[in-house]
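Chemist: So that you have it, the file is input24.txt, and it contains compact mmCIF, C-alpha atoms:
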# COMPACT_ATOMS: atom_id res chain seq x y z
CA MET A 1 -46.32 6.29 8.55
CA PRO A 2 -45.25 9.96 8.27
CA ALA A 3 -44.53 11.34 4.83
CA ILE A 4 -40.86 11.82 3.94
CA SER A 5 -39.91 14.86 1.88
CA LEU A 6 -37.52 14.57 -1.05
CA SER A 7 -34.92 16.60 0.84
CA ASP A 8 -35.21 14.27 3.85
CA ALA A 9 -34.87 11.24 1.58
CA SER A 10 -31.78 12.74 -0.06
CA GLU A 11 -30.16 13.44 3.30
CA SER A 12 -30.98 9.91 4.47
CA PHE A 13 -29.43 8.49 1.30
CA ASP A 14 -26.32 10.61 1.81
CA THR A 15 -25.97 9.32 5.37
CA ARG A 16 -26.34 5.68 4.35
CA GLN A 17 -23.84 5.98 1.51
CA SER A 18 -21.25 8.10 3.30
CA VAL A 19 -18.01 6.42 4.30
CA GLY A 20 -16.09 9.57 5.04
CA PHE A 21 -15.59 10.85 1.50
CA GLY A 22 -16.77 14.23 0.30
CA LYS A 23 -19.51 14.28 -2.34
CA ASN A 24 -22.54 16.29 -3.28
CA SER A 25 -25.33 13.93 -4.26
CA ARG A 26 -27.60 16.74 -5.32
CA THR A 27 -25.26 17.86 -8.10
CA MET A 28 -23.70 14.40 -8.64
CA GLU A 29 -20.30 16.08 -8.51
CA PRO A 30 -17.45 15.60 -6.02
CA THR A 31 -16.96 18.38 -3.51
CA SER A 32 -13.22 18.41 -4.28
CA ASN A 33 -11.69 19.59 -7.55
CA VAL A 34 -10.78 16.37 -9.35
CA GLU A 35 -8.45 18.18 -11.75
CA ASN A 36 -6.26 19.21 -8.82
CA LEU A 37 -5.90 15.71 -7.35
CA ARG A 38 -2.30 14.73 -8.05
CA LYS A 39 0.91 13.71 -6.34
CA GLU A 40 4.54 13.50 -7.31
CA TYR A 41 6.20 10.09 -7.28
CA THR A 42 9.58 10.43 -5.59
CA LEU A 43 10.18 7.26 -3.57
CA SER A 44 12.45 5.33 -5.88
CA GLY A 45 13.74 4.68 -9.38
CA LEU A 46 13.96 1.45 -11.37
CA TYR A 47 17.00 0.56 -13.47
CA ARG A 48 17.77 -2.28 -15.84
CA ARG A 49 20.82 -3.33 -13.83
CA ASP A 50 18.62 -3.94 -10.78
CA LEU A 51 16.12 -6.23 -12.50
CA SER A 52 16.12 -10.01 -12.29
CA SER A 53 16.36 -11.77 -15.66
CA ASP A 54 13.37 -13.86 -14.52
CA PRO A 55 10.09 -11.89 -14.29
CA PHE A 56 8.66 -14.40 -11.81
CA GLU A 57 11.58 -13.71 -9.48
CA GLN A 58 11.22 -9.96 -10.03
CA PHE A 59 7.52 -10.20 -9.18
CA LYS A 60 8.33 -12.16 -6.01
CA ILE A 61 10.79 -9.46 -4.90
CA TRP A 62 8.22 -6.70 -5.39
CA PHE A 63 5.32 -8.70 -3.97
CA ASP A 64 7.25 -9.62 -0.82
CA GLU A 65 8.10 -5.96 -0.29
CA SER A 66 4.46 -4.97 -0.76
CA VAL A 67 3.43 -7.51 1.89
CA ARG A 68 6.06 -6.27 4.36
CA THR A 69 4.96 -2.65 3.95
CA ALA A 70 1.21 -2.99 3.39
CA GLY A 71 -0.03 -2.49 6.93
CA ASP A 72 -3.79 -3.14 6.88
CA ARG A 73 -3.98 -2.86 3.07
CA GLU A 74 -4.41 -5.87 0.77
CA PRO A 75 -1.22 -6.32 -1.28
CA ASN A 76 -2.68 -9.38 -3.00
CA ALA A 77 -5.62 -7.43 -4.43
CA MET A 78 -5.42 -7.34 -8.22
CA THR A 79 -7.64 -6.13 -11.01
CA LEU A 80 -8.63 -8.94 -13.36
CA ALA A 81 -9.64 -7.81 -16.85
CA THR A 82 -11.48 -10.22 -19.14
CA ALA A 83 -13.36 -9.91 -22.42
CA SER A 84 -16.16 -11.78 -24.12
CA GLN A 85 -15.76 -13.51 -27.47
CA ASP A 86 -16.86 -10.33 -29.26
CA GLY A 87 -14.41 -8.17 -27.29
CA ALA A 88 -16.73 -6.61 -24.66
CA PRO A 89 -14.44 -6.00 -21.65
CA SER A 90 -15.08 -6.13 -17.93
CA ALA A 91 -12.85 -5.77 -14.88
CA ARG A 92 -13.07 -6.43 -11.15
CA VAL A 93 -10.76 -6.82 -8.16
CA VAL A 94 -9.93 -10.38 -7.07
CA LEU A 95 -7.31 -11.76 -4.68
CA LEU A 96 -4.06 -13.45 -5.61
CA LYS A 97 -3.88 -16.83 -3.87
CA GLY A 98 -0.70 -18.29 -5.27
CA PHE A 99 2.07 -17.82 -7.82
CA ASP A 100 5.09 -19.75 -9.07
CA SER A 101 6.69 -20.56 -12.41
CA ARG A 102 3.44 -22.21 -13.52
CA GLY A 103 1.49 -18.95 -13.22
CA VAL A 104 -0.73 -16.76 -11.07
CA VAL A 105 -3.68 -18.32 -9.21
CA PHE A 106 -7.05 -16.95 -8.08
CA PHE A 107 -10.34 -18.60 -7.11
CA THR A 108 -13.91 -17.71 -7.98
CA ASN A 109 -17.37 -18.91 -8.93
CA TYR A 110 -17.37 -20.78 -12.26
CA GLU A 111 -20.83 -19.37 -13.08
CA SER A 112 -19.80 -15.73 -12.66
CA ARG A 113 -19.52 -13.21 -15.48
CA LYS A 114 -15.72 -13.43 -15.48
CA ALA A 115 -15.87 -17.22 -15.71
CA ARG A 116 -18.29 -17.06 -18.64
CA GLN A 117 -16.00 -14.61 -20.41
CA LEU A 118 -12.93 -16.76 -19.74
CA ALA A 119 -14.75 -19.76 -21.22
CA GLU A 120 -15.30 -17.72 -24.41
CA ASN A 121 -11.93 -15.97 -24.43
CA PRO A 122 -9.16 -17.34 -22.17
CA ARG A 123 -6.91 -14.28 -22.57
CA ALA A 124 -6.84 -12.04 -19.51
CA ALA A 125 -4.81 -9.31 -17.82
CA LEU A 126 -3.96 -8.69 -14.17
CA SER A 127 -2.95 -5.39 -12.64
CA PHE A 128 -1.45 -4.89 -9.17
CA HIS A 129 -1.34 -1.37 -7.74
CA TRP A 130 0.72 -0.69 -4.62
CA PRO A 131 0.36 3.09 -4.19
CA TRP A 132 2.34 3.13 -0.91
CA LEU A 133 5.35 1.93 -2.97
CA GLU A 134 4.38 3.95 -6.07
CA ARG A 135 4.44 0.73 -8.09
CA GLN A 136 2.30 -1.23 -10.51
CA VAL A 137 2.71 -4.65 -12.13
CA GLN A 138 0.74 -5.78 -15.16
CA ILE A 139 0.61 -9.42 -16.22
CA GLU A 140 -1.05 -10.78 -19.37
CA GLY A 141 -1.53 -14.34 -20.53
CA ILE A 142 -3.75 -17.37 -21.04
CA VAL A 143 -6.01 -18.63 -18.25
CA HIS A 144 -6.85 -22.26 -17.46
CA LYS A 145 -8.80 -23.84 -14.62
CA THR A 146 -6.82 -25.41 -11.81
CA SER A 147 -7.38 -29.08 -11.01
CA ARG A 148 -10.32 -30.02 -8.79
CA ALA A 149 -7.85 -31.35 -6.24
CA GLU A 150 -6.08 -27.97 -6.08
CA SER A 151 -9.40 -26.14 -5.76
CA ALA A 152 -10.59 -28.50 -3.01
CA THR A 153 -7.32 -28.12 -1.08
CA TYR A 154 -7.58 -24.35 -1.04
CA PHE A 155 -11.33 -24.37 -0.33
CA ALA A 156 -10.72 -26.45 2.81
CA LYS A 157 -8.25 -23.82 4.09
CA ARG A 158 -10.75 -20.96 3.87
CA PRO A 159 -12.62 -19.74 6.97
CA LEU A 160 -15.89 -21.63 7.44
CA GLY A 161 -17.94 -18.48 6.85
CA SER A 162 -16.22 -17.90 3.51
CA ARG A 163 -16.89 -21.48 2.42
CA LEU A 164 -20.56 -21.26 3.35
CA GLY A 165 -20.79 -17.85 1.71
CA ALA A 166 -19.41 -19.27 -1.55
CA ILE A 167 -22.10 -21.97 -1.52
CA ALA A 168 -24.85 -19.51 -0.57
CA SER A 169 -23.87 -17.19 -3.40
CA GLY A 170 -25.00 -19.80 -5.90
CA ARG A 171 -24.86 -18.43 -9.44
CA GLN A 172 -22.61 -15.43 -8.94
CA SER A 173 -23.56 -12.30 -10.94
CA ALA A 174 -27.18 -13.49 -11.29
CA VAL A 175 -29.94 -11.10 -10.23
CA VAL A 176 -31.13 -11.67 -6.66
CA GLU A 177 -34.30 -10.08 -5.31
CA ASN A 178 -32.89 -8.91 -1.98
CA ARG A 179 -30.16 -9.54 0.60
CA ALA A 180 -32.55 -11.43 2.87
CA ILE A 181 -32.54 -14.33 0.40
CA LEU A 182 -28.76 -14.62 0.72
CA GLU A 183 -28.86 -14.35 4.51
CA ASP A 184 -31.51 -17.07 4.68
CA ARG A 185 -29.40 -19.37 2.52
CA LEU A 186 -26.40 -18.78 4.75
CA SER A 187 -28.42 -19.47 7.91
CA ALA A 188 -29.70 -22.74 6.44
CA LEU A 189 -26.17 -23.81 5.51
CA LYS A 190 -24.87 -23.01 8.99
CA ALA A 191 -27.55 -25.27 10.43
CA GLU A 192 -26.88 -28.01 7.87
CA PHE A 193 -23.11 -28.15 8.33
CA GLN A 194 -22.96 -27.63 12.06
CA GLY A 195 -19.69 -29.25 13.14
CA ALA A 196 -18.94 -30.54 9.63
CA ASP A 197 -16.86 -29.33 6.70
CA PRO A 198 -18.87 -28.35 3.61
CA PRO A 199 -17.58 -29.87 0.35
CA VAL A 200 -16.26 -27.63 -2.40
CA PRO A 201 -19.19 -26.96 -4.76
CA ASP A 202 -18.89 -27.94 -8.42
CA PHE A 203 -19.45 -24.31 -9.45
CA TRP A 204 -16.46 -22.99 -7.50
CA GLY A 205 -12.74 -23.33 -8.15
CA GLY A 206 -9.46 -21.86 -9.27
CA TYR A 207 -7.88 -20.38 -12.34
CA ARG A 208 -4.21 -20.08 -13.26
CA LEU A 209 -2.97 -17.37 -15.59
CA LEU A 210 0.19 -18.42 -17.47
CA PRO A 211 2.04 -15.15 -18.16
CA GLU A 212 3.22 -14.18 -21.62
CA ARG A 213 4.00 -10.58 -20.68
CA PHE A 214 5.02 -8.72 -17.51
CA GLU A 215 5.36 -4.98 -17.06
CA PHE A 216 6.93 -3.40 -13.97
CA TRP A 217 6.11 0.28 -13.36
CA GLN A 218 7.80 2.59 -10.87
CA GLY A 219 6.37 6.07 -10.46
CA ARG A 220 8.85 8.90 -11.00
CA GLU A 221 8.88 12.67 -10.65
CA ASN A 222 7.42 14.78 -13.48
CA ARG A 223 5.60 11.69 -14.77
CA LEU A 224 8.80 10.31 -16.33
CA HIS A 225 7.97 6.89 -14.92
CA ASP A 226 10.24 3.85 -15.19
CA ARG A 227 8.62 1.00 -17.13
CA PHE A 228 10.19 -2.34 -18.03
CA LEU A 229 8.54 -4.95 -20.22
CA TYR A 230 9.31 -8.71 -20.17
CA THR A 231 8.23 -10.70 -23.24
CA LEU A 232 9.11 -14.16 -24.50
CA ASP A 233 11.30 -14.42 -27.60
CA SER A 234 11.01 -17.11 -30.29
CA GLU A 235 13.19 -19.46 -28.22
CA GLY A 236 11.13 -19.06 -25.06
CA ARG A 237 13.60 -16.76 -23.28
CA TRP A 238 12.54 -13.58 -21.52
CA LYS A 239 13.50 -10.34 -23.25
CA ILE A 240 13.57 -7.07 -21.27
CA ASP A 241 12.86 -3.63 -22.78
CA ARG A 242 12.50 -0.19 -21.25
CA LEU A 243 9.27 1.52 -22.33
CA SER A 244 8.57 5.20 -22.75
CA PRO A 245 6.48 6.53 -19.89
Just dump the structure as structure tokens.

Modeler:
Amino acid sequence: MPAISLSDASESFDTRQSVGFGKNSRTMEPTSNVENLRKEYTLSGLYRRDLSSDPFEQFKIWFDESVRTAGDREPNAMTLATASQDGAPSARVVLLKGFDSRGVVFFTNYESRKARQLAENPRAALSFHWPWLERQVQIEGIVHKTSRAESATYFAKRPLGSRLGAIASGRQSAVVENRAILEDRLSALKAEFQGADPPVPDFWGGYRLLPERFEFWQGRENRLHDRFLYTLDSEGRWKIDRLSP
């Protein structure tokens, strides 16, 4: 096998990692000037008179608009932030799969890092970012597992490949030696469940976040953004406040 120089290896690495973005792997710095990356937010404003008194209804209005205008983007992508019992945080993007007055639903592996943190500390935060609308929504609250029946119902609606992939993943977030192991598991499952529906695994299911706080953010010119906060008062009614940007 011919020897590969360090420069050749670097170029090969650059090629494999490149997805059309500028970077300089030799200096570990972006080729663009990060300090100059900015835009003005001028699409719309947000006023108290336009808000629903119900944050769930307000979220539905904004979410429906994000879906209508998303194109090939994922409007249901949301950042889920969790923390361990001792306060060590972590965050990742998951997909919204349902919401109503009972809360916001997502599904995942119950043996993942996020699941372990939620078992220790059920408080979590969700953040939606819809840059094409210059909007964000933040939701905070307490998380509980959905029922097994609800998890099984949704699991059965997923594409077959996604269901088999969830089973093949096994203990999510655990170290795996290489991708071939995962591909082999998936191939074996395809052969095992040929023409049959795989059952929902015990280690997979849903969570529902019951909101205690909503914040709606609309980008504005000169960084004087519009921010409105919904919180529950002592009688369980939603109170709305404008926040400083």

Chemist: What does the distance from CA of Lys60 (chain A) to CA of Ser90 (chain A) come to in Å, to one decimal?

Modeler: 27.0 Å

Chemist: Go ahead and find all residues with at least one atom no further than 12 Å from (1.3, 9.5, -8.9) in the file's coordinates, using only C-alpha atoms; report them as number ranges by chain.

Modeler: A: 37-43, 129-136, 217-225

Chemist: Could you write out that same residue set with C-alpha atoms as a PDB file, keeping the file's coordinate frame?

Modeler:
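Output (result_24.pdb):
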ATOM      1  CA  LEU A  37      -5.900  15.710  -7.350  1.00  0.00           C
ATOM      2  CA  ARG A  38      -2.300  14.730  -8.050  1.00  0.00           C
ATOM      3  CA  LYS A  39       0.910  13.710  -6.340  1.00  0.00           C
ATOM      4  CA  GLU A  40       4.540  13.500  -7.310  1.00  0.00           C
ATOM      5  CA  TYR A  41       6.200  10.090  -7.280  1.00  0.00           C
ATOM      6  CA  THR A  42       9.580  10.430  -5.590  1.00  0.00           C
ATOM      7  CA  LEU A  43      10.180   7.260  -3.570  1.00  0.00           C
ATOM      8  CA  HIS A 129      -1.340  -1.370  -7.740  1.00  0.00           C
ATOM      9  CA  TRP A 130       0.720  -0.690  -4.620  1.00  0.00           C
ATOM     10  CA  PRO A 131       0.360   3.090  -4.190  1.00  0.00           C
ATOM     11  CA  TRP A 132       2.340   3.130  -0.910  1.00  0.00           C
ATOM     12  CA  LEU A 133       5.350   1.930  -2.970  1.00  0.00           C
ATOM     13  CA  GLU A 134       4.380   3.950  -6.070  1.00  0.00           C
ATOM     14  CA  ARG A 135       4.440   0.730  -8.090  1.00  0.00           C
ATOM     15  CA  GLN A 136       2.300  -1.230 -10.510  1.00  0.00           C
ATOM     16  CA  TRP A 217       6.110   0.280 -13.360  1.00  0.00           C
ATOM     17  CA  GLN A 218       7.800   2.590 -10.870  1.00  0.00           C
ATOM     18  CA  GLY A 219       6.370   6.070 -10.460  1.00  0.00           C
ATOM     19  CA  ARG A 220       8.850   8.900 -11.000  1.00  0.00           C
ATOM     20  CA  GLU A 221       8.880  12.670 -10.650  1.00  0.00           C
ATOM     21  CA  ASN A 222       7.420  14.780 -13.480  1.00  0.00           C
ATOM     22  CA  ARG A 223       5.600  11.690 -14.770  1.00  0.00           C
ATOM     23  CA  LEU A 224       8.800  10.310 -16.330  1.00  0.00           C
ATOM     24  CA  HIS A 225       7.970   6.890 -14.920  1.00  0.00           C
TER      25      HIS A 225
END

Chemist: With distances taken over all atoms listed in the file, which residue among A:Ser84, A:Val104, A:Ser52, A:Leu160 lies nearest Phe193 (chain A)?

Modeler: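 So, comparing all the options, the nearest one is A:Leu160.
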
Chemist: Please determine, counting only C-alpha atoms, which residue among A:Arg171, A:Arg163, A:Arg213, A:Arg227 has the shortest atom-to-atom distance to Asn109 (chain A).

Modeler: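 Selected residue with least distance to Asn109 (chain A): A:Arg171.
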
Chemist: Restricting the calculation to all atoms listed in the file: of A:Val93, A:Ile61, A:Ala168, A:Val137, which residue gets closest to Asp226 (chain A)?

Modeler: A:Val137

Chemist: Measure the distance from CA of Arg113 (chain A) to CA of Phe203 (chain A) in Å and round it to one decimal.

Modeler: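 So the answer is 12.6 Å.
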
Chemist: From the set A:Asn76, A:Gly71, A:Ala166, A:Ser66, which residue has the shortest atom-to-atom contact distance to Tyr110 (chain A), counting all atoms listed in the file?

Modeler: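 Smallest distance to Tyr110 (chain A) is found for A:Ala166.
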
Chemist: Name all residues at most 12 Å from region 120-125 of chain A (count all atoms listed in the file; drop same-chain ones fewer than 3 positions away) and give them as a PyMOL selection string.

Modeler: chain A and resi 78-94+104+113-117+128+137-145+207-215

Chemist: Separation of CA of Asp100 (chain A) and CA of Asp197 (chain A), in Å?

Modeler: 28.7 Å

Chemist: Would you pick out the contacts of Ser53 (chain A) at 12 Å or less, using only C-alpha atoms, so that residues sharing its chain but fewer than 3 positions from it are not included, and give the list as a PyMOL selection string?

Modeler: chain A and resi 48-50+56-59+214+228-232+237-241

Chemist: Generate the output file for the selected residues, C-alpha atoms, as an mmCIF file, keeping the file's coordinate frame.

Modeler:
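Everything below was put into selection-v6.cif:
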data_model
loop_
_atom_site.group_PDB
_atom_site.id
_atom_site.type_symbol
_atom_site.label_atom_id
_atom_site.label_comp_id
_atom_site.auth_asym_id
_atom_site.auth_seq_id
_atom_site.Cartn_x
_atom_site.Cartn_y
_atom_site.Cartn_z
ATOM 1 C CA ARG A 48 17.770 -2.280 -15.840
ATOM 2 C CA ARG A 49 20.820 -3.330 -13.830
ATOM 3 C CA ASP A 50 18.620 -3.940 -10.780
ATOM 4 C CA PHE A 56 8.660 -14.400 -11.810
ATOM 5 C CA GLU A 57 11.580 -13.710 -9.480
ATOM 6 C CA GLN A 58 11.220 -9.960 -10.030
ATOM 7 C CA PHE A 59 7.520 -10.200 -9.180
ATOM 8 C CA PHE A 214 5.020 -8.720 -17.510
ATOM 9 C CA PHE A 228 10.190 -2.340 -18.030
ATOM 10 C CA LEU A 229 8.540 -4.950 -20.220
ATOM 11 C CA TYR A 230 9.310 -8.710 -20.170
ATOM 12 C CA THR A 231 8.230 -10.700 -23.240
ATOM 13 C CA LEU A 232 9.110 -14.160 -24.500
ATOM 14 C CA ARG A 237 13.600 -16.760 -23.280
ATOM 15 C CA TRP A 238 12.540 -13.580 -21.520
ATOM 16 C CA LYS A 239 13.500 -10.340 -23.250
ATOM 17 C CA ILE A 240 13.570 -7.070 -21.270
ATOM 18 C CA ASP A 241 12.860 -3.630 -22.780
#

Chemist: Residues within 10 Å of Glu183 (chain A), please, as an MDAnalysis selection string. Count only C-alpha atoms; anything in the same chain fewer than 5 positions from it doesn't count.

Modeler: chainID A and resid 165 168:169 178 188:189

Chemist: Neighbours of Lys190 (chain A) within 10 Å (all atoms listed in the file; same-chain residues fewer than 4 positions away dropped), as an MDAnalysis selection string?

Modeler: chainID A and resid 160:161 164:165 184:186 194:196 198

Chemist: Counting all atoms listed in the file, which of A:Ser127, A:Ser101, A:Ser173, A:Thr108 gets nearest to Thr146 (chain A)?

Modeler: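 Counting all atoms listed in the file, the residue closest to Thr146 (chain A) is A:Thr108.
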